[in-house]
Each structure stands twice: as structure tokens, then as C-alpha cells.
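Notes follow once the structure below has been shown.
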Amino acid sequence: MKAVGIMSGTSLDGVDVVLCDIEGMNSDTKIEELNFSTFPFPKSLKVRLKNILLKKESKLDDLCSINFELGQFFSDCVIQLCNKANIETDQLGFIASHGQTFFHLPEDTNDFIKSTLQLGEPSVIAENCGCPVISNFRVRDMSVGGQGAPLVPFSEYLLYNSSTHGISLLNIGGIGNITVIPKNSESKDVYAFDTGPGNMMINEAMHLLFGKEFDEDGKTAKIGNIIPKLKMELENHFYLSIAPPKTTGREMFGDDFTGKLIKKYKEHKKADIIATLTWFTAFSIYSNYNQYIKPYTEISELIVGGGGSHNITLMNWLKYYLKDIDVFTQEEKGYSSDSKEAIAFVILGNQTFHRQTSNLPSVTGAKKTVILGQITY
């Protein structure tokens, strides 16, 4: 059947929408990408999103409205993609929508219990598109003790498991996350975690310092030099010393944290700040690999996807640090870096559609496997 996946990440780069043909379930899943587009947020909606995400206390009417606004925008994106592919949305088996994460608390704190909030009202999408919508994937995993993330590793296990060698898959979106699939593994052998910032800090610094959305091809970072004092501060960030399972997001590496660093190091050249933040993304990945993967699992290759895979300077840093393994982009392996996460949610939605589990307790820390997501008919 034909299905659509929607992914809106923490970097707010845009909404990835993919149309796929999918059959089977579990290890018999067969999936083919038919069409894909990234839809940038309308400027006014992006400003509202960032304003809400940056506030320490968002007003309830803001959250109430933005939930429906996002549902409408997600619907429009699906309709545009299906029009391009010459298919009616009511012919889809389902739409799988991750939603936009507004807050994620992977562990209890003194004041709050572990919880997560993704918005983008599925009822609006279902009504506009005339087909079932599967959404809210994280919460069920958290209800059985998991961190609700990362969820993409289930799809990676189905697609990339090899009987000949171990593989790591790295996604560099707003946050960096890595999946480790040992040679000839079962699903319980797979583990994954967030490595730290991906594009998030770089993008925010580019916005504040240069008025640009991102560092195209890493050109700004390439002409800059590492700031030793900032390098030392970042390489000692406490997140790097936390053992998996672990997950992070805008709450730790977002605009507030980045803005404070830029203010602290404002006497330095702008390009040097971008260069150092780009280095930090690569170093955080290397540090996690060196501490939590290399001692336990033999890996021969790392496949990199997400927007960060297009940053040549960042990729060069990764290859510099990870000399003992082969580093490829998804494109070099014949896949798409940009559509990867949206495809993952088609696979997760397909599992839910067939009443099959799709979380990996070895990844999220959950007590058991569960059926993820909620269906809006």
C-alpha cells in the first residue's frame, strides 16, 4: 500500500514528507520511496514556533493554536507532495506523523516526571487528507519506562542488518543520534542514543552572527579557526560523560545555550565561532563512539544521513577523528540523507497499522516492546 511519512525535526529546517510503497511487516517489510520533498515553514509560522520554543513559560493559547496550525501545515505538505506524485490523499493507506517536539523530558527531575510533547493535530490531517493518521509515537514507550527516543533505530535494523559486518548509522539533524547494529544481530542487540548537538548550535550561531539559516556546505566553518578556550569548555560538557541510553534536545543544546556562548566569546571572529561549533558536533560524535561503542562492538563503517551530511567541513572532521572505520554518506550508499527519518516513520506507522511492536528496549530503556502510536481514523 501507499503511505506518507512526515518528519519535523528540532532544527526547524523544514518538514520532510515522503511517499512510499510499503508491504509486509517486521523482518518481511519491503519499502520503496516514490516521492520526497522538504517544505520550509512559512516565515510567520517559523517565527511563532521559535518564540514558543524559546519561552520559559508559553501561554496556553499559543500551544492550543499552534497544535492546529501545524496540523493544517502538515496537511498542506502532504497534499502538495501527493499532487506532485499524481495520487489522491484519500488513496493512502495511512499517514505517519512524528509531530513537532515542543518539550522532551527523558528522565524524572525534582519538579517534573519524564514526559514528552509533540504537536501537529492528527485529526486535522486526517480530515484534510481523508485517510488514517498515525501519530504520537513516543508516549507509549515512555509509559513502559523508556525515554521515548530514539525511535528510528527499529527501521534501521530492518533495512541495514548485515550478516558480514557491524554498521553504525548516524543522523545529523538538529541533534546527532547514532544507531549501532552488530554483525548478524537480533533486534535486542541493537543500541542507539543521542550523541549531542547536530546542526542545532551551528544553525543558531549562523542566524545570530550572519543572518543565515545554516552554514551551506560548511563554507563558513572552513575559513574559521578553532577557539581554544571555547573548545576546552565544549569538550568538557557533561552530556558527553553520560552513558547510554540517553537522549537530548533543544532544552540542552538549543538557542539559549548557544546564545550565551556567542555572548561570552563575542570578541572572537564570527567564522571562528562557527568553526568551533562545527568541530564540537564532530567531536561529540567521536567522543561517544570512543567511549560507548568501540570498546563493545566491532564496527567497520559509519553511514551518515541528515542535513549535517551536506556540511563538508563537518564530514571532514568526522573522517579525521574516525580513522579506524569507513565513513560514508547515505548518498554514497545509494540512499537519501534527507528522506531517511520520514521513511523511518512510514515503517513505524506500518507496524502500528498491523498491530506490531516497534520500540527497541535495548535502545530506549523500556521494560518491554509495545505497539507505538495512536491512530486517528
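In the C-alpha cells, chains take letters A, B, ... by order of appearance, with residues numbered from 1 within each chain and ligands from 1 in the order shown.
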Excluding A:Asp324 and residues on its chain fewer than 5 positions from it, collect all residues at most 12 Å away from it, counting only C-alpha atoms, and give them as number ranges by chain.
A: 286, 289-290, 294, 298-302, 318-319
File of the preceding selection, N, CA, C and O atoms, as a JSON list (two decimals), in the first residue's frame:
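Output contents, as saved in part-v6.json:
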[["chain", "number", "residue", "atom", "x", "y", "z"],
["A", 286, "TYR", "N", 32.51, 11.63, 17.94],
["A", 286, "TYR", "CA", 33.71, 10.82, 18.17],
["A", 286, "TYR", "C", 33.84, 10.40, 19.63],
["A", 286, "TYR", "O", 34.14, 9.23, 19.94],
["A", 289, "TYR", "N", 31.44, 7.66, 20.36],
["A", 289, "TYR", "CA", 31.89, 6.43, 19.70],
["A", 289, "TYR", "C", 33.04, 5.80, 20.48],
["A", 289, "TYR", "O", 33.04, 4.58, 20.74],
["A", 290, "ASN", "N", 34.00, 6.61, 20.87],
["A", 290, "ASN", "CA", 35.20, 6.10, 21.53],
["A", 290, "ASN", "C", 34.89, 5.51, 22.91],
["A", 290, "ASN", "O", 35.51, 4.53, 23.32],
["A", 294, "LYS", "N", 33.08, 1.70, 20.53],
["A", 294, "LYS", "CA", 34.31, 1.00, 20.17],
["A", 294, "LYS", "C", 34.72, -0.09, 21.15],
["A", 294, "LYS", "O", 35.14, -1.18, 20.72],
["A", 298, "GLU", "N", 32.39, -4.26, 17.36],
["A", 298, "GLU", "CA", 33.26, -4.06, 16.21],
["A", 298, "GLU", "C", 32.45, -3.50, 15.04],
["A", 298, "GLU", "O", 31.52, -4.14, 14.54],
["A", 299, "ILE", "N", 32.79, -2.29, 14.66],
["A", 299, "ILE", "CA", 32.09, -1.60, 13.59],
["A", 299, "ILE", "C", 33.08, -1.31, 12.46],
["A", 299, "ILE", "O", 34.18, -0.83, 12.70],
["A", 300, "SER", "N", 32.66, -1.58, 11.22],
["A", 300, "SER", "CA", 33.57, -1.34, 10.09],
["A", 300, "SER", "C", 33.18, -0.12, 9.27],
["A", 300, "SER", "O", 34.00, 0.40, 8.52],
["A", 301, "GLU", "N", 31.91, 0.33, 9.41],
["A", 301, "GLU", "CA", 31.53, 1.51, 8.64],
["A", 301, "GLU", "C", 30.48, 2.34, 9.36],
["A", 301, "GLU", "O", 29.68, 1.82, 10.15],
["A", 302, "LEU", "N", 30.53, 3.64, 9.09],
["A", 302, "LEU", "CA", 29.55, 4.59, 9.61],
["A", 302, "LEU", "C", 28.87, 5.24, 8.42],
["A", 302, "LEU", "O", 29.54, 5.79, 7.54],
["A", 318, "LEU", "N", 34.73, 14.51, 10.94],
["A", 318, "LEU", "CA", 34.36, 13.13, 11.30],
["A", 318, "LEU", "C", 35.38, 12.13, 10.76],
["A", 318, "LEU", "O", 35.81, 11.21, 11.46],
["A", 319, "LYS", "N", 35.76, 12.30, 9.51],
["A", 319, "LYS", "CA", 36.73, 11.39, 8.90],
["A", 319, "LYS", "C", 38.10, 11.51, 9.57],
["A", 319, "LYS", "O", 38.84, 10.53, 9.68]]
Exercise: A:Lys188 partners within 10 Å, only C-alpha atoms, chain neighbours under 6 positions left out, as a VMD selection string:
chain A and resid 181 360 to 363
Can you tell me which residues surround stretch 192-208 of chain A at a distance of at most 6 Å, considering only C-alpha atoms, apart from same-chain residues fewer than 3 positions away, and format the answer as a short mmCIF file (atom, residue, chain, number, x, y, z; two decimals) with N, CA, C and O atoms, in the first residue's frame?
data_model
loop_
_atom_site.label_atom_id
_atom_site.label_comp_id
_atom_site.auth_asym_id
_atom_site.auth_seq_id
_atom_site.Cartn_x
_atom_site.Cartn_y
_atom_site.Cartn_z
N SER A 11 15.64 21.07 14.43
CA SER A 11 16.37 22.19 13.83
C SER A 11 15.45 23.21 13.16
O SER A 11 15.88 24.31 12.81
N ILE A 172 22.51 13.34 11.47
CA ILE A 172 22.85 14.67 11.97
C ILE A 172 21.74 15.62 11.56
O ILE A 172 21.77 16.23 10.49
N GLY A 173 20.72 15.70 12.41
CA GLY A 173 19.67 16.69 12.25
C GLY A 173 19.96 17.82 13.22
O GLY A 173 21.10 18.23 13.39
N GLY A 174 18.93 18.33 13.90
CA GLY A 174 19.18 19.31 14.94
C GLY A 174 20.06 18.71 16.02
O GLY A 174 21.00 19.33 16.52
N ILE A 175 19.76 17.46 16.38
CA ILE A 175 20.55 16.67 17.32
C ILE A 175 21.20 15.53 16.56
O ILE A 175 20.67 15.03 15.58
N GLY A 176 22.39 15.11 17.00
CA GLY A 176 23.04 13.94 16.42
C GLY A 176 22.58 12.68 17.14
O GLY A 176 22.51 12.66 18.37
N ASN A 177 22.23 11.65 16.40
CA ASN A 177 21.90 10.37 17.03
C ASN A 177 22.50 9.23 16.23
O ASN A 177 22.59 9.30 15.01
N ILE A 178 22.93 8.21 16.94
CA ILE A 178 23.66 7.11 16.31
C ILE A 178 23.02 5.78 16.67
O ILE A 178 22.56 5.57 17.79
N THR A 179 22.96 4.88 15.69
CA THR A 179 22.45 3.52 15.88
C THR A 179 23.58 2.54 15.59
O THR A 179 24.30 2.70 14.61
N VAL A 180 23.71 1.54 16.46
CA VAL A 180 24.76 0.53 16.30
C VAL A 180 24.11 -0.83 16.06
O VAL A 180 23.31 -1.30 16.87
N GLY A 211 22.93 36.16 9.99
CA GLY A 211 21.59 36.32 9.44
C GLY A 211 21.24 35.25 8.43
O GLY A 211 20.37 35.46 7.57
N LYS A 212 21.88 34.08 8.51
CA LYS A 212 21.61 32.98 7.59
C LYS A 212 21.02 31.80 8.36
O LYS A 212 21.22 31.65 9.56
N GLU A 213 20.32 30.92 7.63
CA GLU A 213 19.65 29.79 8.26
C GLU A 213 20.62 28.65 8.61
O GLU A 213 20.41 27.92 9.57
N PHE A 214 21.69 28.50 7.83
CA PHE A 214 22.64 27.42 8.06
C PHE A 214 23.95 27.74 7.34
O PHE A 214 24.02 28.69 6.55
N PRO A 245 21.51 4.31 27.92
CA PRO A 245 20.68 5.08 26.97
C PRO A 245 20.57 6.54 27.41
O PRO A 245 20.47 6.84 28.59
N LYS A 246 20.59 7.41 26.42
CA LYS A 246 20.46 8.84 26.72
C LYS A 246 19.89 9.55 25.50
O LYS A 246 20.09 9.13 24.36
N THR A 247 19.18 10.63 25.77
CA THR A 247 18.59 11.43 24.70
C THR A 247 18.63 12.88 25.13
O THR A 247 18.62 13.19 26.32
N THR A 258 23.33 28.28 23.07
CA THR A 258 24.17 28.82 22.00
C THR A 258 24.33 30.32 22.13
O THR A 258 25.44 30.86 21.97
N LEU A 277 32.04 25.46 16.79
CA LEU A 277 30.79 24.72 17.00
C LEU A 277 30.67 23.54 16.04
O LEU A 277 30.16 22.48 16.40
N THR A 281 30.38 19.43 17.14
CA THR A 281 29.45 18.38 16.70
C THR A 281 30.22 17.12 16.33
O THR A 281 29.85 16.01 16.74
N ILE A 285 30.39 13.37 18.55
CA ILE A 285 30.13 12.06 17.93
C ILE A 285 31.30 11.12 18.17
O ILE A 285 31.13 9.97 18.57
N VAL A 363 17.42 0.12 23.17
CA VAL A 363 17.73 1.47 22.71
C VAL A 363 17.15 2.53 23.66
O VAL A 363 17.82 3.46 24.07
#
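Among the candidate residues A:Gly24, A:Gly14, A:Pro150, A:Gly306, the one lying nearest to A:Thr38 is A:Gly14, with distances computed using only C-alpha atoms.
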Counting only C-alpha atoms, which of A:Gln356, A:Thr369, A:Ser115, A:Ser97 gets nearest to A:Ile134?
A:Ser97
A:Ser162 surroundings by only C-alpha atoms, 9 Å radius, close-in-sequence under 4 positions cut, as a VMD selection string:
chain A and resid 166 to 167 181 to 185
Would you save the residues of that selection, restricted to all heavy atoms, as a compact mmCIF listing (two decimals), in the first residue's frame?
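Okay, again.txt is ready:
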# COMPACT_ATOMS: atom_id res chain seq x y z
N GLY A 166 29.55 -5.22 11.19
CA GLY A 166 28.80 -4.29 12.02
C GLY A 166 28.72 -2.92 11.36
O GLY A 166 29.66 -2.47 10.70
N ILE A 167 27.57 -2.25 11.55
CA ILE A 167 27.31 -0.96 10.92
C ILE A 167 26.80 0.02 11.97
O ILE A 167 26.02 -0.34 12.85
CB ILE A 167 26.26 -1.09 9.80
CG1 ILE A 167 26.76 -2.01 8.68
CG2 ILE A 167 25.87 0.26 9.24
CD1 ILE A 167 25.71 -2.31 7.62
N ILE A 181 24.43 -1.43 14.92
CA ILE A 181 23.87 -2.73 14.54
C ILE A 181 25.03 -3.73 14.43
O ILE A 181 25.74 -3.75 13.42
CB ILE A 181 23.11 -2.64 13.21
CG1 ILE A 181 22.05 -1.52 13.26
CG2 ILE A 181 22.45 -3.98 12.89
CD1 ILE A 181 21.35 -1.28 11.95
N PRO A 182 25.26 -4.54 15.46
CA PRO A 182 26.36 -5.51 15.39
C PRO A 182 26.15 -6.51 14.25
O PRO A 182 25.04 -6.70 13.77
CB PRO A 182 26.27 -6.22 16.76
CG PRO A 182 25.53 -5.27 17.65
CD PRO A 182 24.55 -4.58 16.74
N LYS A 183 27.23 -7.13 13.85
CA LYS A 183 27.18 -8.14 12.79
C LYS A 183 26.20 -9.25 13.15
O LYS A 183 26.21 -9.76 14.27
CB LYS A 183 28.58 -8.71 12.56
CG LYS A 183 28.65 -9.78 11.48
CD LYS A 183 30.07 -10.25 11.25
CE LYS A 183 30.60 -11.06 12.41
NZ LYS A 183 31.94 -11.64 12.13
N ASN A 184 25.33 -9.60 12.19
CA ASN A 184 24.41 -10.73 12.34
C ASN A 184 23.62 -10.63 13.64
O ASN A 184 23.46 -11.62 14.37
CB ASN A 184 25.21 -12.05 12.31
CG ASN A 184 24.33 -13.22 11.93
OD1 ASN A 184 23.34 -13.06 11.23
ND2 ASN A 184 24.69 -14.40 12.41
N SER A 185 23.08 -9.46 13.92
CA SER A 185 22.45 -9.22 15.22
C SER A 185 20.95 -9.52 15.20
O SER A 185 20.30 -9.57 14.16
CB SER A 185 22.66 -7.77 15.64
OG SER A 185 22.08 -6.90 14.69
Which residues of stretch 59-116 of chain A sit at most 10 Å from stretch 1-9 of chain A, using only C-alpha atoms? Give each one's shortest atom pair and distance in Å (one decimal place), in chain and ascending residue order, as a Markdown table.
| residue | atom | partner | partner_atom | distance |
| --- | --- | --- | --- | --- |
| A:Phe74 | CA | A:Ile6 | CA | 7.6 |
| A:Ser75 | CA | A:Ile6 | CA | 9.7 |
| A:Cys77 | CA | A:Ile6 | CA | 8.9 |
| A:Val78 | CA | A:Val4 | CA | 7.5 |
| A:Leu81 | CA | A:Val4 | CA | 9.3 |
| A:Cys82 | CA | A:Val4 | CA | 9.0 |
| A:Ile87 | CA | A:Lys2 | CA | 9.5 |
| A:Thr89 | CA | A:Val4 | CA | 9.2 |
| A:Gln91 | CA | A:Lys2 | CA | 7.7 |
| A:Leu92 | CA | A:Lys2 | CA | 5.3 |
| A:Gly93 | CA | A:Ala3 | CA | 5.4 |
| A:Phe94 | CA | A:Ala3 | CA | 5.2 |
| A:Ile95 | CA | A:Val4 | CA | 4.7 |
| A:Ala96 | CA | A:Gly5 | CA | 4.8 |
| A:Ser97 | CA | A:Ile6 | CA | 4.7 |
| A:His98 | CA | A:Met7 | CA | 5.6 |
| A:Gly99 | CA | A:Ser8 | CA | 6.2 |
| A:Gln100 | CA | A:Ser8 | CA | 5.5 |
| A:Thr101 | CA | A:Gly9 | CA | 7.4 |
Could you write out, as a tab-separated table (two decimals) with N, CA, C and O atoms, in the first residue's frame, all the residues of stretch 85-325 of chain A that DSSP marks as strand (DSSP E)?
chain	number	residue	atom	x	y	z
A	94	PHE	N	-2.21	5.12	5.00
A	94	PHE	CA	-2.10	5.92	6.23
A	94	PHE	C	-1.07	7.02	6.03
A	94	PHE	O	-0.27	6.97	5.09
A	95	ILE	N	-1.10	7.99	6.92
A	95	ILE	CA	-0.05	8.99	7.06
A	95	ILE	C	0.55	8.81	8.44
A	95	ILE	O	-0.17	8.72	9.43
A	96	ALA	N	1.87	8.73	8.52
A	96	ALA	CA	2.57	8.62	9.81
A	96	ALA	C	3.25	9.95	10.10
A	96	ALA	O	4.12	10.39	9.34
A	97	SER	N	2.85	10.60	11.18
A	97	SER	CA	3.37	11.93	11.52
A	97	SER	C	4.06	11.91	12.87
A	97	SER	O	3.43	11.62	13.89
A	98	HIS	N	5.35	12.26	12.86
A	98	HIS	CA	6.08	12.35	14.13
A	98	HIS	C	5.59	13.53	14.95
A	98	HIS	O	5.55	13.48	16.18
A	99	GLY	N	5.19	14.62	14.29
A	99	GLY	CA	4.81	15.84	15.00
A	99	GLY	C	6.02	16.69	15.32
A	99	GLY	O	7.17	16.28	15.12
A	100	GLN	N	5.77	17.90	15.79
A	100	GLN	CA	6.85	18.81	16.18
A	100	GLN	C	7.07	18.72	17.68
A	100	GLN	O	6.14	18.94	18.46
A	101	THR	N	8.28	18.36	18.10
A	101	THR	CA	8.58	18.25	19.52
A	101	THR	C	8.67	19.63	20.16
A	101	THR	O	9.43	20.48	19.71
A	102	PHE	N	7.87	19.84	21.19
A	102	PHE	CA	7.91	21.09	21.93
A	102	PHE	C	8.68	20.95	23.24
A	102	PHE	O	9.32	21.88	23.70
A	103	PHE	N	8.61	19.77	23.84
A	103	PHE	CA	9.42	19.54	25.03
A	103	PHE	C	9.57	18.04	25.23
A	103	PHE	O	8.66	17.27	24.91
A	104	HIS	N	10.74	17.67	25.74
A	104	HIS	CA	11.01	16.25	25.96
A	104	HIS	C	11.82	16.11	27.25
A	104	HIS	O	12.92	16.65	27.36
A	105	LEU	N	11.26	15.42	28.21
A	105	LEU	CA	11.94	15.17	29.49
A	105	LEU	C	12.19	13.67	29.59
A	105	LEU	O	11.30	12.91	29.98
A	115	SER	N	8.42	12.83	30.50
A	115	SER	CA	7.26	13.06	29.65
A	115	SER	C	7.71	13.68	28.34
A	115	SER	O	8.87	14.06	28.19
A	116	THR	N	6.78	13.78	27.40
A	116	THR	CA	7.13	14.30	26.08
A	116	THR	C	5.91	14.95	25.44
A	116	THR	O	4.77	14.56	25.74
A	117	LEU	N	6.13	15.94	24.59
A	117	LEU	CA	5.02	16.64	23.94
A	117	LEU	C	5.36	16.94	22.50
A	117	LEU	O	6.27	17.72	22.21
A	118	GLN	N	4.62	16.29	21.58
A	118	GLN	CA	4.70	16.59	20.16
A	118	GLN	C	3.35	17.12	19.69
A	118	GLN	O	2.31	16.55	20.05
A	119	LEU	N	3.37	18.19	18.91
A	119	LEU	CA	2.13	18.80	18.43
A	119	LEU	C	2.06	18.76	16.90
A	119	LEU	O	3.08	18.63	16.22
A	133	VAL	N	-4.44	8.62	10.19
A	133	VAL	CA	-3.18	9.24	10.58
A	133	VAL	C	-2.67	8.55	11.84
A	133	VAL	O	-3.41	8.38	12.81
A	134	ILE	N	-1.42	8.15	11.81
A	134	ILE	CA	-0.78	7.52	12.97
A	134	ILE	C	0.23	8.51	13.52
A	134	ILE	O	1.07	9.03	12.79
A	135	SER	N	0.13	8.80	14.82
A	135	SER	CA	0.92	9.89	15.40
A	135	SER	C	1.29	9.56	16.84
A	135	SER	O	0.96	8.49	17.36
A	167	ILE	N	27.57	-2.25	11.55
A	167	ILE	CA	27.31	-0.96	10.92
A	167	ILE	C	26.80	0.02	11.97
A	167	ILE	O	26.02	-0.34	12.85
A	168	SER	N	27.25	1.26	11.86
A	168	SER	CA	26.67	2.36	12.63
A	168	SER	C	26.00	3.32	11.66
A	168	SER	O	26.54	3.61	10.59
A	169	LEU	N	24.84	3.83	12.06
A	169	LEU	CA	24.13	4.81	11.25
A	169	LEU	C	23.98	6.08	12.07
A	169	LEU	O	23.45	6.06	13.18
A	170	LEU	N	24.48	7.16	11.54
A	170	LEU	CA	24.48	8.45	12.23
A	170	LEU	C	23.56	9.41	11.51
A	170	LEU	O	23.69	9.61	10.31
A	171	ASN	N	22.62	9.99	12.25
A	171	ASN	CA	21.78	11.03	11.68
A	171	ASN	C	22.16	12.37	12.31
A	171	ASN	O	22.16	12.50	13.54
A	172	ILE	N	22.51	13.34	11.47
A	172	ILE	CA	22.85	14.67	11.97
A	172	ILE	C	21.74	15.62	11.56
A	172	ILE	O	21.77	16.23	10.49
A	175	ILE	N	19.76	17.46	16.38
A	175	ILE	CA	20.55	16.67	17.32
A	175	ILE	C	21.20	15.53	16.56
A	175	ILE	O	20.67	15.03	15.58
A	176	GLY	N	22.39	15.11	17.00
A	176	GLY	CA	23.04	13.94	16.42
A	176	GLY	C	22.58	12.68	17.14
A	176	GLY	O	22.51	12.66	18.37
A	177	ASN	N	22.23	11.65	16.40
A	177	ASN	CA	21.90	10.37	17.03
A	177	ASN	C	22.50	9.23	16.23
A	177	ASN	O	22.59	9.30	15.01
A	178	ILE	N	22.93	8.21	16.94
A	178	ILE	CA	23.66	7.11	16.31
A	178	ILE	C	23.02	5.78	16.67
A	178	ILE	O	22.56	5.57	17.79
A	179	THR	N	22.96	4.88	15.69
A	179	THR	CA	22.45	3.52	15.88
A	179	THR	C	23.58	2.54	15.59
A	179	THR	O	24.30	2.70	14.61
A	180	VAL	N	23.71	1.54	16.46
A	180	VAL	CA	24.76	0.53	16.30
A	180	VAL	C	24.11	-0.83	16.06
A	180	VAL	O	23.31	-1.30	16.87
A	181	ILE	N	24.43	-1.43	14.92
A	181	ILE	CA	23.87	-2.73	14.54
A	181	ILE	C	25.03	-3.73	14.43
A	181	ILE	O	25.74	-3.75	13.42
A	191	TYR	N	21.65	-1.06	19.69
A	191	TYR	CA	21.54	0.03	20.65
A	191	TYR	C	21.77	1.36	19.94
A	191	TYR	O	22.37	1.42	18.86
A	192	ALA	N	21.26	2.42	20.54
A	192	ALA	CA	21.31	3.74	19.92
A	192	ALA	C	21.14	4.81	20.98
A	192	ALA	O	20.60	4.55	22.06
A	193	PHE	N	21.60	6.00	20.66
A	193	PHE	CA	21.48	7.11	21.61
A	193	PHE	C	21.80	8.41	20.90
A	193	PHE	O	22.35	8.42	19.80
A	194	ASP	N	21.44	9.52	21.54
A	194	ASP	CA	21.78	10.84	21.02
A	194	ASP	C	23.21	11.18	21.42
A	194	ASP	O	23.59	11.05	22.59
A	195	THR	N	24.00	11.65	20.45
A	195	THR	CA	25.40	11.97	20.72
A	195	THR	C	25.60	13.40	21.22
A	195	THR	O	26.65	13.72	21.78
A	196	GLY	N	24.59	14.26	21.02
A	196	GLY	CA	24.71	15.66	21.39
A	196	GLY	C	24.20	16.54	20.26
A	196	GLY	O	23.33	16.12	19.48
A	197	PRO	N	24.71	17.75	20.12
A	197	PRO	CA	24.21	18.64	19.07
A	197	PRO	C	24.58	18.13	17.68
A	197	PRO	O	25.64	17.56	17.47
A	301	GLU	N	31.91	0.33	9.41
A	301	GLU	CA	31.53	1.51	8.64
A	301	GLU	C	30.48	2.34	9.36
A	301	GLU	O	29.68	1.82	10.15
A	302	LEU	N	30.53	3.64	9.09
A	302	LEU	CA	29.55	4.59	9.61
A	302	LEU	C	28.87	5.24	8.42
A	302	LEU	O	29.54	5.79	7.54
A	303	ILE	N	27.54	5.20	8.39
A	303	ILE	CA	26.76	5.79	7.30
A	303	ILE	C	26.05	7.01	7.86
A	303	ILE	O	25.27	6.91	8.81
A	304	VAL	N	26.32	8.17	7.27
A	304	VAL	CA	25.84	9.45	7.81
A	304	VAL	C	24.70	9.99	6.96
A	304	VAL	O	24.79	10.07	5.74
A	305	GLY	N	23.60	10.38	7.63
A	305	GLY	CA	22.46	10.99	6.96
A	305	GLY	C	22.05	12.27	7.68
A	305	GLY	O	22.68	12.70	8.64
Shell of 8 Å around A:Gly120, only C-alpha atoms, local chain residues under 3 positions omitted, as a ChimeraX atom specification
/A:66-72,74,99-100
For the structure I just gave you, how does DSSP split stretch 41-211 of chain A - specifically, which residues are helix (DSSP H, G or I)? Reply as a VMD selection string.
chain A and resid 43 to 54 60 to 84 89 to 91 122 to 129 138 to 143 153 to 160 187 to 189 200 to 210
Which residue is closest to A:Arg140? Choose from A:Asn316, A:Tyr377, A:Lys50, A:Lys368 and count only C-alpha atoms.
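The closest residue to A:Arg140 is A:Lys368.
The residue set within 7 Å of A:Phe154, counting only C-alpha atoms and dropping same-chain residues fewer than 3 places from it, reads Leu151, Tyr157, Leu158, Ser358, Asn359 and Leu360 of chain A.
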Could you write out the selected residues, including N, CA, C and O atoms, as a PDB file, in the first residue's frame?
ATOM      1  N   LEU A 151      13.653   6.529  18.129  1.00  0.00           N
ATOM      2  CA  LEU A 151      12.731   5.536  17.573  1.00  0.00           C
ATOM      3  C   LEU A 151      13.154   5.040  16.193  1.00  0.00           C
ATOM      4  O   LEU A 151      12.765   3.953  15.784  1.00  0.00           O
ATOM      5  N   TYR A 157      17.376  -1.142  11.771  1.00  0.00           N
ATOM      6  CA  TYR A 157      17.659  -2.568  11.955  1.00  0.00           C
ATOM      7  C   TYR A 157      17.033  -3.385  10.828  1.00  0.00           C
ATOM      8  O   TYR A 157      17.679  -4.284  10.259  1.00  0.00           O
ATOM      9  N   LEU A 158      15.795  -3.067  10.468  1.00  0.00           N
ATOM     10  CA  LEU A 158      15.130  -3.810   9.393  1.00  0.00           C
ATOM     11  C   LEU A 158      15.845  -3.628   8.059  1.00  0.00           C
ATOM     12  O   LEU A 158      15.950  -4.559   7.267  1.00  0.00           O
ATOM     13  N   SER A 358       7.220  -1.855  17.823  1.00  0.00           N
ATOM     14  CA  SER A 358       8.308  -1.240  17.053  1.00  0.00           C
ATOM     15  C   SER A 358       9.270  -0.417  17.893  1.00  0.00           C
ATOM     16  O   SER A 358      10.085   0.327  17.346  1.00  0.00           O
ATOM     17  N   ASN A 359       9.189  -0.516  19.200  1.00  0.00           N
ATOM     18  CA  ASN A 359      10.251   0.103  20.008  1.00  0.00           C
ATOM     19  C   ASN A 359      11.324  -0.938  20.293  1.00  0.00           C
ATOM     20  O   ASN A 359      11.070  -2.152  20.244  1.00  0.00           O
ATOM     21  N   LEU A 360      12.526  -0.487  20.578  1.00  0.00           N
ATOM     22  CA  LEU A 360      13.639  -1.376  20.923  1.00  0.00           C
ATOM     23  C   LEU A 360      14.065  -1.070  22.349  1.00  0.00           C
ATOM     24  O   LEU A 360      14.726  -0.058  22.601  1.00  0.00           O
TER      25      LEU A 360
END
So how far away is atom CA of A:His310 from atom CA of A:Lys340, in Å?
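Separation of atom CA of A:Lys340 and atom CA of A:His310: 14.0 Å.
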Rounded to one decimal place, report the atom CA of A:Val17-atom CA of A:Thr29 distance in Å.
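Atom CA of A:Thr29 lies 19.9 Å from atom CA of A:Val17.
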